[in-house]
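Novice: Supplied structure: entry_0.pdb, PDB, C-alpha atoms and all ligand atoms.
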```pdb
MODEL        1
ATOM      1  CA  MET Q   1      67.857 160.219 124.219
ATOM      2  CA  ALA Q   2      70.689 159.699 126.578
ATOM      3  CA  VAL Q   3      72.738 162.818 125.874
ATOM      4  CA  ASN Q   4      73.207 164.839 129.034
ATOM      5  CA  GLU Q   5      72.909 168.369 127.639
ATOM      6  CA  GLN Q   6      73.290 169.981 131.011
ATOM      7  CA  ALA Q   7      76.563 168.184 131.742
ATOM      8  CA  TYR Q   8      77.767 169.183 128.270
ATOM      9  CA  ARG Q   9      76.947 172.861 128.830
ATOM     10  CA  GLU Q  10      78.684 172.811 132.195
ATOM     11  CA  ILE Q  11      81.875 171.397 130.703
ATOM     12  CA  ILE Q  12      81.803 173.922 127.842
ATOM     13  CA  ASN Q  13      81.381 176.743 130.359
ATOM     14  CA  GLU Q  14      84.216 175.420 132.461
ATOM     15  CA  LEU Q  15      86.516 175.147 129.434
ATOM     16  CA  SER Q  16      85.612 178.547 127.998
ATOM     17  CA  LEU Q  17      87.591 180.114 130.822
ATOM     18  CA  GLN Q  18      90.715 178.230 129.725
ATOM     19  CA  ALA Q  19      92.253 177.440 126.343
ATOM     20  CA  VAL Q  20      91.126 173.815 126.422
ATOM     21  CA  ASN Q  21      89.299 171.806 123.760
ATOM     22  CA  LEU Q  22      86.718 169.112 124.323
ATOM     23  CA  VAL Q  23      86.645 165.909 122.313
ATOM     24  CA  ALA Q  24      83.238 164.276 122.774
ATOM     25  CA  VAL Q  25      83.914 160.535 122.808
ATOM     26  CA  SER Q  26      81.021 158.989 120.889
ATOM     27  CA  LYS Q  27      82.255 155.380 120.596
ATOM     28  CA  THR Q  28      79.391 152.842 120.675
ATOM     29  CA  LYS Q  29      76.854 155.715 120.593
ATOM     30  CA  PRO Q  30      74.309 156.147 117.791
ATOM     31  CA  ILE Q  31      74.298 158.770 115.048
ATOM     32  CA  GLU Q  32      71.284 160.478 116.665
ATOM     33  CA  ASP Q  33      73.241 161.210 119.847
ATOM     34  CA  ILE Q  34      76.106 162.699 117.852
ATOM     35  CA  LEU Q  35      73.680 164.882 115.890
ATOM     36  CA  GLN Q  36      72.077 166.077 119.101
ATOM     37  CA  LEU Q  37      75.438 167.293 120.377
ATOM     38  CA  TYR Q  38      76.297 168.668 116.942
ATOM     39  CA  SER Q  39      73.178 170.815 117.065
ATOM     40  CA  LEU Q  40      74.509 172.337 120.294
ATOM     41  CA  GLY Q  41      77.669 173.335 118.455
ATOM     42  CA  GLN Q  42      80.036 170.423 119.180
ATOM     43  CA  ARG Q  43      82.331 169.620 116.235
ATOM     44  CA  ASP Q  44      85.112 167.457 117.719
ATOM     45  CA  PHE Q  45      84.187 163.804 118.183
ATOM     46  CA  GLY Q  46      86.377 160.882 119.254
ATOM     47  CA  GLU Q  47      86.117 157.243 118.211
ATOM     48  CA  ASN Q  48      88.340 154.263 118.860
ATOM     49  CA  TYR Q  49      87.261 151.699 116.290
ATOM     50  CA  VAL Q  50      88.258 152.266 112.665
ATOM     51  CA  GLN Q  51      85.162 150.793 111.039
ATOM     52  CA  GLU Q  52      82.811 152.556 113.398
ATOM     53  CA  MET Q  53      84.449 155.928 112.780
ATOM     54  CA  GLU Q  54      84.453 155.416 109.033
ATOM     55  CA  GLY Q  55      80.765 154.490 109.018
ATOM     56  CA  LYS Q  56      79.770 157.463 111.156
ATOM     57  CA  ALA Q  57      81.884 159.906 109.150
ATOM     58  CA  ASN Q  58      80.099 158.791 105.982
ATOM     59  CA  GLN Q  59      76.683 159.529 107.471
ATOM     60  CA  LEU Q  60      77.367 162.722 109.385
ATOM     61  CA  PRO Q  61      78.058 166.370 108.434
ATOM     62  CA  LYS Q  62      81.412 166.972 106.779
ATOM     63  CA  ASP Q  63      82.485 169.712 109.153
ATOM     64  CA  ILE Q  64      82.841 167.258 112.046
ATOM     65  CA  ARG Q  65      86.459 166.883 113.146
ATOM     66  CA  TRP Q  66      87.066 163.181 113.752
ATOM     67  CA  HIS Q  67      89.634 162.248 116.395
ATOM     68  CA  PHE Q  68      90.915 158.706 116.391
ATOM     69  CA  ILE Q  69      91.671 157.986 120.047
ATOM     70  CA  GLY Q  70      92.053 154.183 120.093
ATOM     71  CA  HIS Q  71      94.972 151.890 119.481
ATOM     72  CA  LEU Q  72      95.567 152.054 115.730
ATOM     73  CA  GLN Q  73      96.836 149.038 113.816
ATOM     74  CA  THR Q  74      99.194 149.739 110.918
ATOM     75  CA  ASN Q  75      97.025 147.887 108.402
ATOM     76  CA  LYS Q  76      93.989 150.049 109.260
ATOM     77  CA  VAL Q  77      95.540 153.487 108.780
ATOM     78  CA  LYS Q  78      94.437 153.604 105.147
ATOM     79  CA  TYR Q  79      90.755 153.596 106.088
ATOM     80  CA  ILE Q  80      90.881 156.774 108.152
ATOM     81  CA  ALA Q  81      93.713 158.601 106.350
ATOM     82  CA  PRO Q  82      91.401 160.463 103.911
ATOM     83  CA  PHE Q  83      89.421 162.287 106.593
ATOM     84  CA  VAL Q  84      90.826 161.922 110.132
ATOM     85  CA  HIS Q  85      91.461 165.239 111.917
ATOM     86  CA  LEU Q  86      93.848 164.078 114.654
ATOM     87  CA  ILE Q  87      95.270 160.657 115.593
ATOM     88  CA  HIS Q  88      95.761 160.644 119.371
ATOM     89  CA  ALA Q  89      97.495 157.398 120.237
ATOM     90  CA  VAL Q  90     100.517 156.911 117.983
ATOM     91  CA  ASP Q  91     102.905 154.636 119.824
ATOM     92  CA  THR Q  92     105.642 153.515 117.376
ATOM     93  CA  LEU Q  93     107.861 154.984 114.664
ATOM     94  CA  LYS Q  94     106.555 152.244 112.391
ATOM     95  CA  LEU Q  95     103.016 153.574 112.781
ATOM     96  CA  LEU Q  96     104.192 157.143 112.125
ATOM     97  CA  LYS Q  97     105.777 155.932 108.890
ATOM     98  CA  GLU Q  98     102.577 154.239 107.776
ATOM     99  CA  ILE Q  99     100.506 157.336 108.597
ATOM    100  CA  ASN Q 100     102.963 159.404 106.561
ATOM    101  CA  LYS Q 101     102.699 156.985 103.648
ATOM    102  CA  GLN Q 102      98.900 157.101 103.646
ATOM    103  CA  ALA Q 103      98.952 160.885 104.031
ATOM    104  CA  VAL Q 104     101.118 161.124 100.893
ATOM    105  CA  LYS Q 105      98.658 158.900  99.022
ATOM    106  CA  ASN Q 106      95.831 161.206 100.032
ATOM    107  CA  ASN Q 107      97.837 164.288  99.197
ATOM    108  CA  ARG Q 108      97.450 165.740 102.678
ATOM    109  CA  SER Q 109      99.183 166.184 105.989
ATOM    110  CA  ILE Q 110      97.946 164.259 109.033
ATOM    111  CA  ASP Q 111      98.208 165.603 112.576
ATOM    112  CA  CYS Q 112      99.283 163.140 115.272
ATOM    113  CA  LEU Q 113      99.776 162.941 119.009
ATOM    114  CA  LEU Q 114     102.280 160.553 120.534
ATOM    115  CA  GLN Q 115     100.859 158.377 123.282
ATOM    116  CA  VAL Q 116     102.991 158.178 126.392
ATOM    117  CA  HIS Q 117     102.744 155.260 128.789
ATOM    118  CA  ILE Q 118     102.135 156.915 132.149
ATOM    119  CA  ALA Q 119      99.897 154.391 133.910
ATOM    120  CA  ARG Q 120     100.811 151.571 136.198
ATOM    121  CA  GLU Q 121      98.990 148.998 134.075
ATOM    122  CA  GLU Q 122     101.265 147.094 131.721
ATOM    123  CA  THR Q 123      98.378 146.578 129.320
ATOM    124  CA  LYS Q 124      98.270 150.219 128.311
ATOM    125  CA  PHE Q 125     100.051 151.360 125.166
ATOM    126  CA  GLY Q 126     102.473 154.190 124.573
ATOM    127  CA  PHE Q 127     106.096 155.301 124.388
ATOM    128  CA  SER Q 128     108.159 155.316 127.552
ATOM    129  CA  ALA Q 129     110.090 158.507 128.300
ATOM    130  CA  ALA Q 130     113.289 156.780 127.146
ATOM    131  CA  GLU Q 131     111.716 155.684 123.865
ATOM    132  CA  LEU Q 132     110.560 159.238 123.181
ATOM    133  CA  GLU Q 133     114.076 160.458 123.842
ATOM    134  CA  ASP Q 134     115.338 157.955 121.249
ATOM    135  CA  LEU Q 135     112.708 159.024 118.744
ATOM    136  CA  TYR Q 136     113.697 162.678 119.039
ATOM    137  CA  GLN Q 137     117.465 162.109 119.141
ATOM    138  CA  LYS Q 138     118.675 158.818 117.717
ATOM    139  CA  ASN Q 139     115.860 158.539 115.142
ATOM    140  CA  ARG Q 140     115.537 162.250 114.528
ATOM    141  CA  THR Q 141     116.642 162.141 110.887
ATOM    142  CA  GLU Q 142     114.183 159.369 110.073
ATOM    143  CA  LEU Q 143     111.447 161.223 111.912
ATOM    144  CA  GLN Q 144     112.049 164.453 110.048
ATOM    145  CA  GLU Q 145     111.788 162.678 106.717
ATOM    146  CA  LEU Q 146     108.086 162.089 107.373
ATOM    147  CA  LYS Q 147     107.014 165.324 105.756
ATOM    148  CA  ASN Q 148     103.295 164.562 105.572
ATOM    149  CA  ILE Q 149     102.763 164.171 109.283
ATOM    150  CA  LYS Q 150     102.833 166.786 111.996
ATOM    151  CA  ILE Q 151     103.343 165.832 115.613
ATOM    152  CA  LYS Q 152     101.112 168.262 117.473
ATOM    153  CA  GLY Q 153     101.463 166.997 120.993
ATOM    154  CA  LEU Q 154     101.200 164.153 123.477
ATOM    155  CA  MET Q 155      98.395 161.992 124.815
ATOM    156  CA  GLY Q 156      98.220 159.876 127.950
ATOM    157  CA  MET Q 157      95.867 157.825 130.061
ATOM    158  CA  ALA Q 158      96.285 157.665 133.810
ATOM    159  CA  SER Q 159      95.933 154.483 135.846
ATOM    160  CA  LEU Q 160      92.439 153.196 136.421
ATOM    161  CA  THR Q 161      92.298 153.913 140.123
ATOM    162  CA  ASP Q 162      90.636 156.164 142.651
ATOM    163  CA  ASP Q 163      94.017 156.985 144.137
ATOM    164  CA  TRP Q 164      93.787 160.593 142.888
ATOM    165  CA  SER Q 165      97.247 161.592 144.020
ATOM    166  CA  ARG Q 166      98.642 158.828 141.841
ATOM    167  CA  VAL Q 167      96.563 160.050 138.879
ATOM    168  CA  ARG Q 168      97.804 163.588 139.501
ATOM    169  CA  ASN Q 169     101.424 162.420 139.557
ATOM    170  CA  GLU Q 170     100.993 160.592 136.272
ATOM    171  CA  PHE Q 171      99.492 163.652 134.555
ATOM    172  CA  ASN Q 172     102.196 165.824 136.057
ATOM    173  CA  PHE Q 173     104.842 163.461 134.677
ATOM    174  CA  LEU Q 174     103.275 163.704 131.208
ATOM    175  CA  LYS Q 175     103.291 167.504 131.381
ATOM    176  CA  THR Q 176     106.982 167.434 132.324
ATOM    177  CA  ILE Q 177     107.820 165.274 129.297
ATOM    178  CA  PHE Q 178     105.693 167.576 127.128
ATOM    179  CA  ASP Q 179     107.660 170.622 128.264
ATOM    180  CA  GLN Q 180     110.983 168.856 127.686
ATOM    181  CA  LEU Q 181     110.127 167.593 124.186
ATOM    182  CA  SER Q 182     108.741 170.992 123.194
ATOM    183  CA  GLY Q 183     112.277 172.299 123.215
ATOM    184  CA  TYR Q 184     113.602 169.788 120.655
ATOM    185  CA  PRO Q 185     114.136 171.312 117.222
ATOM    186  CA  VAL Q 186     112.428 168.751 114.984
ATOM    187  CA  ALA Q 187     110.895 170.102 111.777
ATOM    188  CA  ASN Q 188     107.620 168.151 111.801
ATOM    189  CA  SER Q 189     107.063 168.386 115.536
ATOM    190  CA  GLN Q 190     105.417 171.436 117.095
ATOM    191  CA  LEU Q 191     103.906 170.458 120.378
ATOM    192  CA  SER Q 192     100.897 172.492 121.451
ATOM    193  CA  ILE Q 193      98.340 169.839 122.418
ATOM    194  CA  LEU Q 194      98.364 167.866 125.643
ATOM    195  CA  SER Q 195      95.494 165.378 125.428
ATOM    196  CA  MET Q 196      94.764 164.066 128.920
ATOM    197  CA  GLY Q 197      91.690 163.637 131.082
ATOM    198  CA  MET Q 198      88.481 161.630 130.723
ATOM    199  CA  THR Q 199      85.193 161.553 132.654
ATOM    200  CA  SER Q 200      86.657 160.363 135.944
ATOM    201  CA  ASP Q 201      89.835 162.424 136.018
ATOM    202  CA  TYR Q 202      89.495 165.451 133.732
ATOM    203  CA  LYS Q 203      89.389 168.002 136.541
ATOM    204  CA  ILE Q 204      92.769 166.799 137.776
ATOM    205  CA  ALA Q 205      94.078 166.758 134.207
ATOM    206  CA  LEU Q 206      93.022 170.408 133.758
ATOM    207  CA  GLU Q 207      94.857 171.379 136.923
ATOM    208  CA  GLU Q 208      97.952 169.608 135.605
ATOM    209  CA  GLY Q 209      98.015 171.428 132.271
ATOM    210  CA  SER Q 210      95.763 169.504 129.872
ATOM    211  CA  THR Q 211      94.763 171.392 126.710
ATOM    212  CA  MET Q 212      92.401 168.728 125.362
ATOM    213  CA  ILE Q 213      90.053 166.470 127.318
ATOM    214  CA  ARG Q 214      88.305 163.387 125.938
ATOM    215  CA  ILE Q 215      84.913 162.927 127.577
ATOM    216  CA  GLY Q 216      82.490 160.101 126.830
ATOM    217  CA  SER Q 217      80.192 158.764 129.535
ATOM    218  CA  LEU Q 218      79.647 162.069 131.331
ATOM    219  CA  ILE Q 219      78.051 163.489 128.170
ATOM    220  CA  PHE Q 220      76.617 160.430 126.406
ATOM    221  CA  GLY Q 221      75.784 158.276 129.409
ATOM    222  CA  GLU Q 222      77.348 154.991 130.383
ATOM    223  CA  ARG Q 223      78.366 152.672 127.560
ATOM    224  CA  GLU Q 224      77.182 149.075 127.293
ATOM    225  CA  LYS Q 225      79.895 146.878 128.684
ATOM    226  CA  MET Q 226      81.777 145.117 125.905
ATOM    227  CA  ALA Q 227      81.767 141.352 125.997
TER     228      ALA Q 227
HETATM  229  C1  LIG P   1      86.585 155.746 125.926
HETATM  230  C2  LIG P   1      87.742 156.678 125.980
HETATM  231  C3  LIG P   1      87.630 157.952 126.570
HETATM  232  C4  LIG P   1      86.370 158.464 127.249
HETATM  233  O1  LIG P   1      86.099 157.753 128.412
HETATM  234  P1  LIG P   1      84.987 158.226 129.469
HETATM  235  O2  LIG P   1      85.455 157.668 130.753
HETATM  236  O3  LIG P   1      83.694 157.646 129.020
HETATM  237  O4  LIG P   1      84.965 159.710 129.467
HETATM  238  C5  LIG P   1      88.736 158.784 126.544
HETATM  239  N1  LIG P   1      89.886 158.393 125.974
HETATM  240  C6  LIG P   1      90.029 157.186 125.402
HETATM  241  C7  LIG P   1      91.335 156.826 124.796
HETATM  242  C8  LIG P   1      88.971 156.283 125.392
HETATM  243  O5  LIG P   1      89.139 155.076 124.824
ENDMDL
END
```
For this file, produce the structure as structure tokens.
Ligand SMILES: *Cc1c(COP(=O)(O)O)cnc(C)c1O

Specialist:
Amino acid sequence: MAVNEQAYREIINELSLQAVNLVAVSKTKPIEDILQLYSLGQRDFGENYVQEMEGKANQLPKDIRWHFIGHLQTNKVKYIAPFVHLIHAVDTLKLLKEINKQAVKNNRSIDCLLQVHIAREETKFGFSAAELEDLYQKNRTELQELKNIKIKGLMGMASLTDDWSRVRNEFNFLKTIFDQLSGYPVANSQLSILSMGMTSDYKIALEEGSTMIRIGSLIFGEREKMA
């Protein structure tokens, strides 16, 4: 099996000294690999395809906390609404409304993170700082009406680059926005989670205030390249 148990233990040790959670990103990886990590005590797993997450959740122990970390389409929310633990990459008010609607249908509350666009690449998703400002001020009333969602924090992905000072600046920018938004009195928003850092940049993210890292290839090995 491809799971790197030693790398996993090292990360867990590193994080135990800080109040940081690890989401093991299991996308494209088989059930057996997830179970191997589960047997070591890991309970938080991240997926970014709706069907794949649904299929795995059906086959795996019920105490796994499933994190949806990919770009979520409005018409797919209903498939994960019954069981998802945390949706990391919410990037529009429209999507928040749909999550709220599906949460009502399932008689539950769904925790969300707002994705912030911090990278240079235009292709990445997320709110800009100005759009977040609008959401929390201009659209505040509408936002507060969504009583079955809870905004628990922010998520961001840094530029794909080995210019580490750039990556650091982007994470630092996200932390600044996090601190600013934390002060806004919005009933269904209590920001405590800052989801930033993956295999290549998680050490920088930790230094810049991350409270949740999403690690895939370092633990599970490289993924097959998608066509
Ligand atoms: C795939 C993915 C990760 C994990 O990436 P690695 O580089 O393998 O650690 C983290 N976050 C998101 C949003 C992803 O899609």

Novice: Show me which residues sit within 6 Å of ligand LIG 1 (chain P) when counting all atoms listed in the file, and put them as a PDB file with C-alpha atoms, keeping the file's coordinate frame.

Specialist:
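See out-v9.pdb below for the written result:
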```
ATOM      1  CA  VAL Q  25      83.914 160.535 122.808  1.00  0.00           C
ATOM      2  CA  ILE Q  69      91.671 157.986 120.047  1.00  0.00           C
ATOM      3  CA  GLY Q  70      92.053 154.183 120.093  1.00  0.00           C
ATOM      4  CA  MET Q 198      88.481 161.630 130.723  1.00  0.00           C
ATOM      5  CA  THR Q 199      85.193 161.553 132.654  1.00  0.00           C
ATOM      6  CA  SER Q 200      86.657 160.363 135.944  1.00  0.00           C
ATOM      7  CA  ARG Q 214      88.305 163.387 125.938  1.00  0.00           C
ATOM      8  CA  ILE Q 215      84.913 162.927 127.577  1.00  0.00           C
ATOM      9  CA  GLY Q 216      82.490 160.101 126.830  1.00  0.00           C
ATOM     10  CA  SER Q 217      80.192 158.764 129.535  1.00  0.00           C
TER      11      SER Q 217
END
```

Novice: Could you state which residues are captured by the PyMOL selection byres (((chain Q and resi 191) around 12) and not hetatm) in this file, as number ranges by chain?

Specialist: Q: 111-114, 150-155, 175, 177-190, 192-195, 211

Novice: How would the residues just chosen look if you wrote them out with C-alpha atoms as a PDB file, in the coordinates of the input?

Specialist:
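The new file out35.pdb reads:
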```pdb
ATOM      1  CA  ASP Q 111      98.208 165.603 112.576  1.00  0.00           C
ATOM      2  CA  CYS Q 112      99.283 163.140 115.272  1.00  0.00           C
ATOM      3  CA  LEU Q 113      99.776 162.941 119.009  1.00  0.00           C
ATOM      4  CA  LEU Q 114     102.280 160.553 120.534  1.00  0.00           C
ATOM      5  CA  LYS Q 150     102.833 166.786 111.996  1.00  0.00           C
ATOM      6  CA  ILE Q 151     103.343 165.832 115.613  1.00  0.00           C
ATOM      7  CA  LYS Q 152     101.112 168.262 117.473  1.00  0.00           C
ATOM      8  CA  GLY Q 153     101.463 166.997 120.993  1.00  0.00           C
ATOM      9  CA  LEU Q 154     101.200 164.153 123.477  1.00  0.00           C
ATOM     10  CA  MET Q 155      98.395 161.992 124.815  1.00  0.00           C
ATOM     11  CA  LYS Q 175     103.291 167.504 131.381  1.00  0.00           C
ATOM     12  CA  ILE Q 177     107.820 165.274 129.297  1.00  0.00           C
ATOM     13  CA  PHE Q 178     105.693 167.576 127.128  1.00  0.00           C
ATOM     14  CA  ASP Q 179     107.660 170.622 128.264  1.00  0.00           C
ATOM     15  CA  GLN Q 180     110.983 168.856 127.686  1.00  0.00           C
ATOM     16  CA  LEU Q 181     110.127 167.593 124.186  1.00  0.00           C
ATOM     17  CA  SER Q 182     108.741 170.992 123.194  1.00  0.00           C
ATOM     18  CA  GLY Q 183     112.277 172.299 123.215  1.00  0.00           C
ATOM     19  CA  TYR Q 184     113.602 169.788 120.655  1.00  0.00           C
ATOM     20  CA  PRO Q 185     114.136 171.312 117.222  1.00  0.00           C
ATOM     21  CA  VAL Q 186     112.428 168.751 114.984  1.00  0.00           C
ATOM     22  CA  ALA Q 187     110.895 170.102 111.777  1.00  0.00           C
ATOM     23  CA  ASN Q 188     107.620 168.151 111.801  1.00  0.00           C
ATOM     24  CA  SER Q 189     107.063 168.386 115.536  1.00  0.00           C
ATOM     25  CA  GLN Q 190     105.417 171.436 117.095  1.00  0.00           C
ATOM     26  CA  SER Q 192     100.897 172.492 121.451  1.00  0.00           C
ATOM     27  CA  ILE Q 193      98.340 169.839 122.418  1.00  0.00           C
ATOM     28  CA  LEU Q 194      98.364 167.866 125.643  1.00  0.00           C
ATOM     29  CA  SER Q 195      95.494 165.378 125.428  1.00  0.00           C
ATOM     30  CA  THR Q 211      94.763 171.392 126.710  1.00  0.00           C
TER      31      THR Q 211
END
```

Novice: Please evaluate the PyMOL selection byres (((chain Q and resi 207) around 12) and not hetatm) against the displayed coordinates and give the resulting residues as a PyMOL selection string.

Specialist: chain Q and resi 15+18+20+167-169+171-172+175+196-197+201-206+208-211+213

Novice: Quick one: residues within 12 Å of Ile149 of chain Q, only C-alpha atoms, excluding same-chain residues fewer than 5 positions away - as a VMD selection string?

Specialist: chain Q and resid 81 85 to 87 90 93 95 to 104 106 to 114 143 to 144 187 to 190

Novice: Print the selection's residues with C-alpha atoms to a file, as a compact mmCIF listing (two decimals), keeping the file's coordinate frame.

Specialist:
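This is the output file again_25.txt:
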```
# COMPACT_ATOMS: atom_id res chain seq x y z
CA ALA Q 81 93.71 158.60 106.35
CA HIS Q 85 91.46 165.24 111.92
CA LEU Q 86 93.85 164.08 114.65
CA ILE Q 87 95.27 160.66 115.59
CA VAL Q 90 100.52 156.91 117.98
CA LEU Q 93 107.86 154.98 114.66
CA LEU Q 95 103.02 153.57 112.78
CA LEU Q 96 104.19 157.14 112.12
CA LYS Q 97 105.78 155.93 108.89
CA GLU Q 98 102.58 154.24 107.78
CA ILE Q 99 100.51 157.34 108.60
CA ASN Q 100 102.96 159.40 106.56
CA LYS Q 101 102.70 156.99 103.65
CA GLN Q 102 98.90 157.10 103.65
CA ALA Q 103 98.95 160.88 104.03
CA VAL Q 104 101.12 161.12 100.89
CA ASN Q 106 95.83 161.21 100.03
CA ASN Q 107 97.84 164.29 99.20
CA ARG Q 108 97.45 165.74 102.68
CA SER Q 109 99.18 166.18 105.99
CA ILE Q 110 97.95 164.26 109.03
CA ASP Q 111 98.21 165.60 112.58
CA CYS Q 112 99.28 163.14 115.27
CA LEU Q 113 99.78 162.94 119.01
CA LEU Q 114 102.28 160.55 120.53
CA LEU Q 143 111.45 161.22 111.91
CA GLN Q 144 112.05 164.45 110.05
CA ALA Q 187 110.90 170.10 111.78
CA ASN Q 188 107.62 168.15 111.80
CA SER Q 189 107.06 168.39 115.54
CA GLN Q 190 105.42 171.44 117.10
```

Novice: Pick out the closest residue to Glu133 of chain Q from this set: Q:Val116, Q:Lys56, Q:Ala89, Q:Ile219. Count all atoms listed in the file.

Specialist: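 Of all the options, Q:Val116 lies closest to Glu133 of chain Q.
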
Novice: May I ask which of the residues Q:Lys76, Q:Lys105, Q:His71, Q:Lys62 is the closest one to Thr92 of chain Q, counting only C-alpha atoms?

Specialist: Q:His71

Novice: Leaving out Phe45 of chain Q and any residue of its chain fewer than 2 positions from it, which residues lie within 9 Å of it when counting all atoms listed in the file, given as an mmCIF file with C-alpha atoms, in the frame of the given file?

Specialist:
```
data_model
loop_
_atom_site.group_PDB
_atom_site.id
_atom_site.type_symbol
_atom_site.label_atom_id
_atom_site.label_comp_id
_atom_site.auth_asym_id
_atom_site.auth_seq_id
_atom_site.Cartn_x
_atom_site.Cartn_y
_atom_site.Cartn_z
ATOM 1 C CA LEU Q 22 86.718 169.112 124.323
ATOM 2 C CA VAL Q 23 86.645 165.909 122.313
ATOM 3 C CA ALA Q 24 83.238 164.276 122.774
ATOM 4 C CA VAL Q 25 83.914 160.535 122.808
ATOM 5 C CA SER Q 26 81.021 158.989 120.889
ATOM 6 C CA LYS Q 27 82.255 155.380 120.596
ATOM 7 C CA ILE Q 34 76.106 162.699 117.852
ATOM 8 C CA GLN Q 42 80.036 170.423 119.180
ATOM 9 C CA ARG Q 43 82.331 169.620 116.235
ATOM 10 C CA GLU Q 47 86.117 157.243 118.211
ATOM 11 C CA ILE Q 64 82.841 167.258 112.046
ATOM 12 C CA ARG Q 65 86.459 166.883 113.146
ATOM 13 C CA TRP Q 66 87.066 163.181 113.752
ATOM 14 C CA HIS Q 67 89.634 162.248 116.395
ATOM 15 C CA PHE Q 68 90.915 158.706 116.391
ATOM 16 C CA ARG Q 214 88.305 163.387 125.938
#
```

Novice: Output as a PDB file, in the frame of the given file: segment 69-74 of chain Q, completed with all heavy atoms.

Specialist:
```pdb
ATOM      1  N   ILE Q  69      91.044 157.998 118.721  1.00  0.00           N
ATOM      2  CA  ILE Q  69      91.671 157.986 120.047  1.00  0.00           C
ATOM      3  C   ILE Q  69      92.079 156.584 120.490  1.00  0.00           C
ATOM      4  O   ILE Q  69      92.659 156.416 121.551  1.00  0.00           O
ATOM      5  CB  ILE Q  69      90.740 158.618 121.118  1.00  0.00           C
ATOM      6  CG1 ILE Q  69      89.441 157.812 121.259  1.00  0.00           C
ATOM      7  CG2 ILE Q  69      90.425 160.066 120.766  1.00  0.00           C
ATOM      8  CD1 ILE Q  69      88.576 158.271 122.418  1.00  0.00           C
ATOM      9  N   GLY Q  70      91.762 155.560 119.691  1.00  0.00           N
ATOM     10  CA  GLY Q  70      92.053 154.183 120.093  1.00  0.00           C
ATOM     11  C   GLY Q  70      93.434 153.735 119.646  1.00  0.00           C
ATOM     12  O   GLY Q  70      94.204 154.505 119.071  1.00  0.00           O
ATOM     13  N   HIS Q  71      93.714 152.480 119.933  1.00  0.00           N
ATOM     14  CA  HIS Q  71      94.972 151.890 119.481  1.00  0.00           C
ATOM     15  C   HIS Q  71      94.833 151.587 117.997  1.00  0.00           C
ATOM     16  O   HIS Q  71      93.949 150.840 117.595  1.00  0.00           O
ATOM     17  CB  HIS Q  71      95.253 150.616 120.279  1.00  0.00           C
ATOM     18  CG  HIS Q  71      96.538 149.973 119.902  1.00  0.00           C
ATOM     19  ND1 HIS Q  71      97.763 150.587 120.110  1.00  0.00           N
ATOM     20  CD2 HIS Q  71      96.811 148.798 119.313  1.00  0.00           C
ATOM     21  CE1 HIS Q  71      98.723 149.807 119.660  1.00  0.00           C
ATOM     22  NE2 HIS Q  71      98.182 148.702 119.176  1.00  0.00           N
ATOM     23  N   LEU Q  72      95.698 152.158 117.184  1.00  0.00           N
ATOM     24  CA  LEU Q  72      95.567 152.054 115.730  1.00  0.00           C
ATOM     25  C   LEU Q  72      96.544 151.012 115.179  1.00  0.00           C
ATOM     26  O   LEU Q  72      97.742 151.088 115.403  1.00  0.00           O
ATOM     27  CB  LEU Q  72      95.842 153.428 115.102  1.00  0.00           C
ATOM     28  CG  LEU Q  72      95.695 153.551 113.584  1.00  0.00           C
ATOM     29  CD1 LEU Q  72      94.305 153.129 113.100  1.00  0.00           C
ATOM     30  CD2 LEU Q  72      95.978 154.992 113.152  1.00  0.00           C
ATOM     31  N   GLN Q  73      95.989 150.044 114.446  1.00  0.00           N
ATOM     32  CA  GLN Q  73      96.836 149.038 113.816  1.00  0.00           C
ATOM     33  C   GLN Q  73      97.322 149.570 112.469  1.00  0.00           C
ATOM     34  O   GLN Q  73      96.576 150.224 111.743  1.00  0.00           O
ATOM     35  CB  GLN Q  73      96.054 147.748 113.614  1.00  0.00           C
ATOM     36  CG  GLN Q  73      95.772 147.020 114.919  1.00  0.00           C
ATOM     37  CD  GLN Q  73      94.793 145.887 114.703  1.00  0.00           C
ATOM     38  OE1 GLN Q  73      93.618 146.110 114.416  1.00  0.00           O
ATOM     39  NE2 GLN Q  73      95.284 144.668 114.826  1.00  0.00           N
ATOM     40  N   THR Q  74      98.564 149.228 112.140  1.00  0.00           N
ATOM     41  CA  THR Q  74      99.194 149.739 110.918  1.00  0.00           C
ATOM     42  C   THR Q  74      98.337 149.461 109.680  1.00  0.00           C
ATOM     43  O   THR Q  74      98.192 150.332 108.828  1.00  0.00           O
ATOM     44  CB  THR Q  74     100.570 149.062 110.738  1.00  0.00           C
ATOM     45  OG1 THR Q  74     101.176 148.961 112.015  1.00  0.00           O
ATOM     46  CG2 THR Q  74     101.462 149.890 109.844  1.00  0.00           C
TER      47      THR Q  74
END
```
